[in-house]
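Everything on this sheet refers to the single structure shown next.
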Amino acid sequence: MPTAVWERSPEVLWRWSPDGALVLPPSVADPMVFDGTASAVWDLLEIPSSLEELVEQLADHFQAPRAAVAQDVTAFLARLENLGAVQCRR
Amino acid sequence: MPALTAAGTTAEQAARTVARAALPGSPNDEPVGPLDEPQWEHLLTIVRRQRIGGLLVEAIAAGALIVTDAQEIAAARIHAVGASLCLRLERMLLTVTRLLADAGIPSVVLKGPAHAHLAYPDPAQRLFGDVDLLVRSADMAGAIAVLEQRGFRRPFASIGVDFDREFGKGALLVSGDGLELDLHRTLVFGLFGLTLDLDGMFEGTVELALAGRSLAALGPEERFLHACYHAALGNNPPRLQALRDVAQMHGAHAFDVAALRRLCAEARADAVVARAIRLVESELGLELEGELAAWAREYQVGAWERRAIEAQIGERQSMTVQALLALRVLPMRSRVRLVRALIAPGEGLVRQRGGSRRAWLWRGIGSLLRGMRP
């Protein structure tokens with residue numbers, strides 16, 4: 001079964017800022033601020049990645065348990081997909 | 001240039017350091033700062049007014065401007081506010097270009113968003129406070145009508161439909177949520193805007209990819225020329241961001257110098273480009289390299305050019321003098337239309353400014369006669 005790949009939506013407008021990423025998905029009125037882990041996820045999505053790839057890189061970077069990272073990232077990606085900020089190619 | 005030390009660094013000196021931050025091809029500045037609080041607050045005022053928050057955080061990240069922790073937080077806040085506005089403006093740009101395209105009106109993105117994505121390595125470095133869009137002269141009225149139907153309003157009354165179509169720079173429109181769109185029919189107000197090959201601007205466009213859409217931006221030589229217009233003729237003193245745009249594109253070798261020189265000759269813009277480059281050097285404390293900079297330093301401004309620039313940006317700015325100088329370069333029919341448009345403006349403008357049309361007529365004739373005096 002092909003692995004699902006997550007990527008930034010081509011329709012999203014965004015910028016880097018010292019505090020993190022400012023992201024304006026099509027369905028949102030005002031830009032959202034992605035800081036901390038959210039900013040790290042956004043940065044990693046420069047390259048379309050599977051959930052497993054994202055989890056591995058984040059767990060290594062933040063020295064955090066993979067299970068906890070996977071749970072948080074899954075929820076975050078689902079929220080971003082709802083907002084139109086990311087898309088999943090399955 | 002002498003090194004700037006922490007003691008006695010002024011906000012103006014720091015602003016120049018900010019404007020030079022991470023400039024391609026320039027040597028690294030000696031670090032300056034941290035500024036004392038009064039000078040820091042003054043610097044932030046300059047940064048907000050000139051919309052150089054992107055360059056401020058770049059200068060801090062590059063170590064060119066030393067700041068305290070509190071100052072770094074303040075700089076980040078200013079950048080976030082400015083960058084958020086840029087995102088909202090880009091959303092408006094996408095909406096407007098689609099509306100115009102659906103109405104059969106081609107458009108070209110100018111200045112802020114174009115420079116941000118095409119001239120700077122990171123668009124976050126180049127903030128902007130409005131969107132500028134070029135349409136063909138014949139499309140001006142139609143474009144305004146399309147946008148007004150979608151809730152845009154025009155805060156300043158037009159001089160007249162004919163003036164808009166043939167002589168004006170364009171029209172300022174404001175969206176329902178207060179965002180500004182500067183709709184251009186030419187690149188600059190006044191005489192120098194009348195000497196451009198406007199149709200040619202649409203022929204050599206390049207792609208500006210934004211949010212999955214393909215928009216059009218000016219070609220590299222036209223974009224550099226426009227940056228020079230803005231730096232040399234836009235404000236007196238010139239805005240730091242405008243000077244940085246010229247320096248940025250010059251330092252990145254972003255255009256063909258021979259093609260630019262031909263474009264300048266056709267547009268009678270040699271003096272403007274030379275002035276822009278000299279201002280970059282004098283105001284930002286730079287010595288630009290290459291044949292274009294060398295040419296600009298040696299360029300002898302002619303009497304007509306001096307008068308034209310003075311009428312646009314000097315202490316005695318004069319729309320009347322600009323109009324009279326424009327008469328020299330316009331074909332006969334256009335001259336008649338220009339004079340008629342200036343002395344007999346549209347009803348909307350007369351109503352907005354007050355007075356009667358007869359008073360405007362006599363005021364316009366008087367202004368022209370005074371402008372003709374040596």
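Just remember, in the structure tokens the first chain shown is A, the second B, etc., residues are 1-based per chain, and ligands are 1-based in the order shown.
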Query raised in the report: Near chain A, which residues of chain B fall within 6 Å when you count only C-alpha atoms, and what do they look like as number ranges by chain?
Result: B: 76, 84, 124, 211-212
Query raised in the report: Which residues come within 10 Å of Arg77 of chain B, counting only C-alpha atoms, excluding same-chain residues fewer than 2 positions away, as an MDAnalysis selection string?
Result: (chainID A and resid 17:19) or (chainID B and resid 53 57 71:75 79:83)
Query - Close residues, Ala171 of chain B itself excluded, 8 Å, only C-alpha atoms, min 3 positions apart in chain, as number ranges by chain - result: B: 154, 158, 164, 182-184
Take the residues just selected and output them with all heavy atoms as a PDB file, in the first residue's frame.
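Output saved as out_24.pdb:
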ATOM      1  N   ARG B 154     -13.169  54.206  -4.091  1.00  0.00           N
ATOM      2  CA  ARG B 154     -12.103  55.093  -4.524  1.00  0.00           C
ATOM      3  C   ARG B 154     -12.152  56.331  -3.635  1.00  0.00           C
ATOM      4  O   ARG B 154     -13.035  57.171  -3.806  1.00  0.00           O
ATOM      5  CB  ARG B 154     -12.315  55.445  -5.991  1.00  0.00           C
ATOM      6  CG  ARG B 154     -11.121  56.061  -6.648  1.00  0.00           C
ATOM      7  CD  ARG B 154     -11.332  56.187  -8.138  1.00  0.00           C
ATOM      8  NE  ARG B 154     -10.188  56.832  -8.747  1.00  0.00           N
ATOM      9  CZ  ARG B 154     -10.083  57.110 -10.022  1.00  0.00           C
ATOM     10  NH1 ARG B 154     -11.074  56.778 -10.859  1.00  0.00           N
ATOM     11  NH2 ARG B 154      -9.020  57.702 -10.498  1.00  0.00           N
ATOM     12  N   SER B 158     -11.576  61.205  -9.144  1.00  0.00           N
ATOM     13  CA  SER B 158     -10.753  61.276 -10.343  1.00  0.00           C
ATOM     14  C   SER B 158     -10.757  62.682 -10.924  1.00  0.00           C
ATOM     15  O   SER B 158     -11.731  63.425 -10.777  1.00  0.00           O
ATOM     16  CB  SER B 158     -11.335  60.291 -11.361  1.00  0.00           C
ATOM     17  OG  SER B 158     -10.923  60.595 -12.652  1.00  0.00           O
ATOM     18  N   ASP B 164      -7.653  59.872 -16.498  1.00  0.00           N
ATOM     19  CA  ASP B 164      -7.291  58.550 -15.972  1.00  0.00           C
ATOM     20  C   ASP B 164      -6.730  57.657 -17.064  1.00  0.00           C
ATOM     21  O   ASP B 164      -5.768  56.928 -16.872  1.00  0.00           O
ATOM     22  CB  ASP B 164      -8.513  57.848 -15.358  1.00  0.00           C
ATOM     23  CG  ASP B 164      -8.896  58.419 -14.021  1.00  0.00           C
ATOM     24  OD1 ASP B 164      -8.128  59.240 -13.482  1.00  0.00           O
ATOM     25  OD2 ASP B 164      -9.966  58.040 -13.519  1.00  0.00           O
ATOM     26  N   ASP B 182      -3.317  49.945  -5.320  1.00  0.00           N
ATOM     27  CA  ASP B 182      -2.933  51.039  -6.196  1.00  0.00           C
ATOM     28  C   ASP B 182      -2.985  50.502  -7.623  1.00  0.00           C
ATOM     29  O   ASP B 182      -2.135  49.706  -8.021  1.00  0.00           O
ATOM     30  CB  ASP B 182      -1.518  51.494  -5.841  1.00  0.00           C
ATOM     31  CG  ASP B 182      -1.299  52.967  -6.079  1.00  0.00           C
ATOM     32  OD1 ASP B 182      -2.161  53.609  -6.720  1.00  0.00           O
ATOM     33  OD2 ASP B 182      -0.253  53.486  -5.650  1.00  0.00           O
ATOM     34  N   LEU B 183      -4.010  50.913  -8.351  1.00  0.00           N
ATOM     35  CA  LEU B 183      -4.188  50.424  -9.712  1.00  0.00           C
ATOM     36  C   LEU B 183      -3.477  51.397 -10.655  1.00  0.00           C
ATOM     37  O   LEU B 183      -3.837  52.569 -10.729  1.00  0.00           O
ATOM     38  CB  LEU B 183      -5.684  50.343 -10.040  1.00  0.00           C
ATOM     39  CG  LEU B 183      -6.104  49.523 -11.253  1.00  0.00           C
ATOM     40  CD1 LEU B 183      -5.776  48.060 -11.045  1.00  0.00           C
ATOM     41  CD2 LEU B 183      -7.601  49.685 -11.487  1.00  0.00           C
ATOM     42  N   HIS B 184      -2.448  50.911 -11.334  1.00  0.00           N
ATOM     43  CA  HIS B 184      -1.625  51.766 -12.180  1.00  0.00           C
ATOM     44  C   HIS B 184      -2.004  51.616 -13.644  1.00  0.00           C
ATOM     45  O   HIS B 184      -2.314  50.503 -14.104  1.00  0.00           O
ATOM     46  CB  HIS B 184      -0.145  51.345 -12.079  1.00  0.00           C
ATOM     47  CG  HIS B 184       0.522  51.632 -10.788  1.00  0.00           C
ATOM     48  ND1 HIS B 184       1.609  52.481 -10.698  1.00  0.00           N
ATOM     49  CD2 HIS B 184       0.308  51.170  -9.553  1.00  0.00           C
ATOM     50  CE1 HIS B 184       2.025  52.517  -9.446  1.00  0.00           C
ATOM     51  NE2 HIS B 184       1.257  51.732  -8.727  1.00  0.00           N
TER      52      HIS B 184
END
Report task. Mind checking which residues fall within 12 Å of segment 80-82 of chain A, counting only C-alpha atoms, ignoring those fewer than 4 positions away in the same chain, and posting them as a ChimeraX atom specification? Result -> /A:6-9,12,23-28,32,34,38,41-42,73-76,86-89
**Report entry** Who sits within 12 Å of segment 146-149 of chain B, only C-alpha atoms, same chain under 2 positions skipped, as a PyMOL selection string
**Finding:** chain B and resi 92-93+95-105+139-144+151-155+171-176+181-183
**Report entry** Atom pair atom CA of Gly63 of chain B / atom CA of His42 of chain B: separation (Å)
**Finding:** 20.1 Å
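Pairwise distance (atom CA of Ala296 of chain B, atom CA of Val246 of chain B) equals 13.0 Å.
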**Report entry** Residue list (helix (DSSP H, G or I), DSSP) for chain A, as a ChimeraX atom specification
**Finding:** /A:36-44,51-62,66-83
**Report entry** Two-atom distance - atom CA of Asp122 of chain B, atom CA of Ile47 of chain A (Å)
**Finding:** 17.2 Å
Query raised in the report: Quick one: residues within 10 Å of Leu327 of chain B, only C-alpha atoms counted, chain neighbours fewer than 5 positions away excluded, as a PyMOL selection string?
Result: chain B and resi 191+321-322+332+334-336+338-339
For the residues in that selection, give me N, CA and C atoms as a PDB file, in the first residue's frame.
ATOM      1  N   LEU B 191       5.495  63.461 -15.602  1.00  0.00           N
ATOM      2  CA  LEU B 191       6.138  63.462 -16.901  1.00  0.00           C
ATOM      3  C   LEU B 191       6.781  62.126 -17.230  1.00  0.00           C
ATOM      4  N   VAL B 321       4.056  72.544 -13.824  1.00  0.00           N
ATOM      5  CA  VAL B 321       5.330  72.494 -14.555  1.00  0.00           C
ATOM      6  C   VAL B 321       5.507  71.117 -15.180  1.00  0.00           C
ATOM      7  N   GLN B 322       5.116  70.078 -14.449  1.00  0.00           N
ATOM      8  CA  GLN B 322       5.189  68.732 -15.029  1.00  0.00           C
ATOM      9  C   GLN B 322       4.348  68.666 -16.294  1.00  0.00           C
ATOM     10  N   MET B 332       0.415  66.127 -30.539  1.00  0.00           N
ATOM     11  CA  MET B 332      -0.420  67.326 -30.471  1.00  0.00           C
ATOM     12  C   MET B 332      -1.797  67.052 -29.879  1.00  0.00           C
ATOM     13  N   SER B 334      -2.779  64.832 -27.858  1.00  0.00           N
ATOM     14  CA  SER B 334      -2.674  64.549 -26.428  1.00  0.00           C
ATOM     15  C   SER B 334      -2.436  65.831 -25.645  1.00  0.00           C
ATOM     16  N   ARG B 335      -1.693  66.761 -26.239  1.00  0.00           N
ATOM     17  CA  ARG B 335      -1.425  68.021 -25.546  1.00  0.00           C
ATOM     18  C   ARG B 335      -2.741  68.750 -25.267  1.00  0.00           C
ATOM     19  N   VAL B 336      -3.579  68.801 -26.288  1.00  0.00           N
ATOM     20  CA  VAL B 336      -4.859  69.493 -26.132  1.00  0.00           C
ATOM     21  C   VAL B 336      -5.679  68.828 -25.032  1.00  0.00           C
ATOM     22  N   LEU B 338      -4.611  67.045 -22.532  1.00  0.00           N
ATOM     23  CA  LEU B 338      -4.015  67.224 -21.217  1.00  0.00           C
ATOM     24  C   LEU B 338      -4.385  68.589 -20.651  1.00  0.00           C
ATOM     25  N   VAL B 339      -4.222  69.620 -21.453  1.00  0.00           N
ATOM     26  CA  VAL B 339      -4.543  70.967 -20.971  1.00  0.00           C
ATOM     27  C   VAL B 339      -6.018  71.039 -20.577  1.00  0.00           C
TER      28      VAL B 339
END
**Report entry** Exercise: Ile52 of chain B partners within 8 Å, only C-alpha atoms, chain neighbours under 6 positions left out, as a list in words
**Finding:** Val18, Ala19, Arg126, Leu127, Leu240 and Gln241 of chain B
Requested in this report: Give the strand (DSSP E) residues of chain A, as DSSP finds them on the backbone, and put them as a ChimeraX atom specification.
Outcome: /A:5-8,13-17,20-24,32-34,86-89
Take the residues just selected and output them with N, CA and C atoms as a CSV table (one decimal), in the first residue's frame.
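And here's out-v1.csv as it stands now:
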chain,number,residue,atom,x,y,z
A,5,VAL,N,1.6,10.8,1.9
A,5,VAL,CA,2.6,11.8,2.0
A,5,VAL,C,1.9,13.2,2.3
A,6,TRP,N,2.4,13.9,3.3
A,6,TRP,CA,1.9,15.2,3.7
A,6,TRP,C,2.7,16.3,3.1
A,7,GLU,N,2.0,17.3,2.6
A,7,GLU,CA,2.7,18.5,2.1
A,7,GLU,C,1.9,19.8,2.3
A,8,ARG,N,2.7,20.9,2.2
A,8,ARG,CA,2.0,22.2,2.4
A,8,ARG,C,1.0,22.3,1.2
A,13,LEU,N,-0.8,30.8,1.8
A,13,LEU,CA,0.1,31.9,1.9
A,13,LEU,C,0.8,31.9,3.2
A,14,TRP,N,2.2,32.1,3.2
A,14,TRP,CA,2.9,32.0,4.5
A,14,TRP,C,4.2,32.8,4.4
A,15,ARG,N,4.7,33.0,5.6
A,15,ARG,CA,6.0,33.7,5.7
A,15,ARG,C,6.7,33.1,7.0
A,16,TRP,N,8.1,33.1,7.0
A,16,TRP,CA,8.8,32.9,8.2
A,16,TRP,C,8.9,34.2,8.9
A,17,SER,N,8.9,34.1,10.3
A,17,SER,CA,9.0,35.3,11.1
A,17,SER,C,9.9,34.8,12.3
A,20,GLY,N,8.3,32.2,14.4
A,20,GLY,CA,7.9,31.0,13.8
A,20,GLY,C,7.3,31.2,12.4
A,21,ALA,N,6.4,30.4,12.0
A,21,ALA,CA,5.7,30.6,10.7
A,21,ALA,C,4.4,31.3,10.8
A,22,LEU,N,4.2,32.3,9.9
A,22,LEU,CA,2.9,32.9,9.8
A,22,LEU,C,2.2,32.3,8.6
A,23,VAL,N,1.0,31.7,8.9
A,23,VAL,CA,0.4,30.8,7.8
A,23,VAL,C,-1.1,31.3,7.6
A,24,LEU,N,-1.4,31.5,6.4
A,24,LEU,CA,-2.8,32.0,6.1
A,24,LEU,C,-3.4,31.0,5.1
A,32,MET,N,-2.3,32.7,11.0
A,32,MET,CA,-2.0,31.9,12.2
A,32,MET,C,-0.5,31.9,12.5
A,33,VAL,N,-0.2,31.8,13.8
A,33,VAL,CA,1.2,31.8,14.1
A,33,VAL,C,1.6,30.3,14.5
A,34,PHE,N,2.5,29.7,13.8
A,34,PHE,CA,3.0,28.4,14.2
A,34,PHE,C,4.4,28.6,14.9
A,86,VAL,N,-2.5,22.2,4.8
A,86,VAL,CA,-1.7,21.0,4.2
A,86,VAL,C,-2.7,20.1,3.5
A,87,GLN,N,-2.1,19.2,2.7
A,87,GLN,CA,-2.9,18.2,2.0
A,87,GLN,C,-2.1,16.9,2.1
A,88,CYS,N,-2.9,15.8,2.0
A,88,CYS,CA,-2.3,14.5,2.1
A,88,CYS,C,-2.5,13.8,0.8
A,89,ARG,N,-1.4,13.3,0.2
A,89,ARG,CA,-1.5,12.5,-1.1
A,89,ARG,C,-1.5,11.1,-0.7
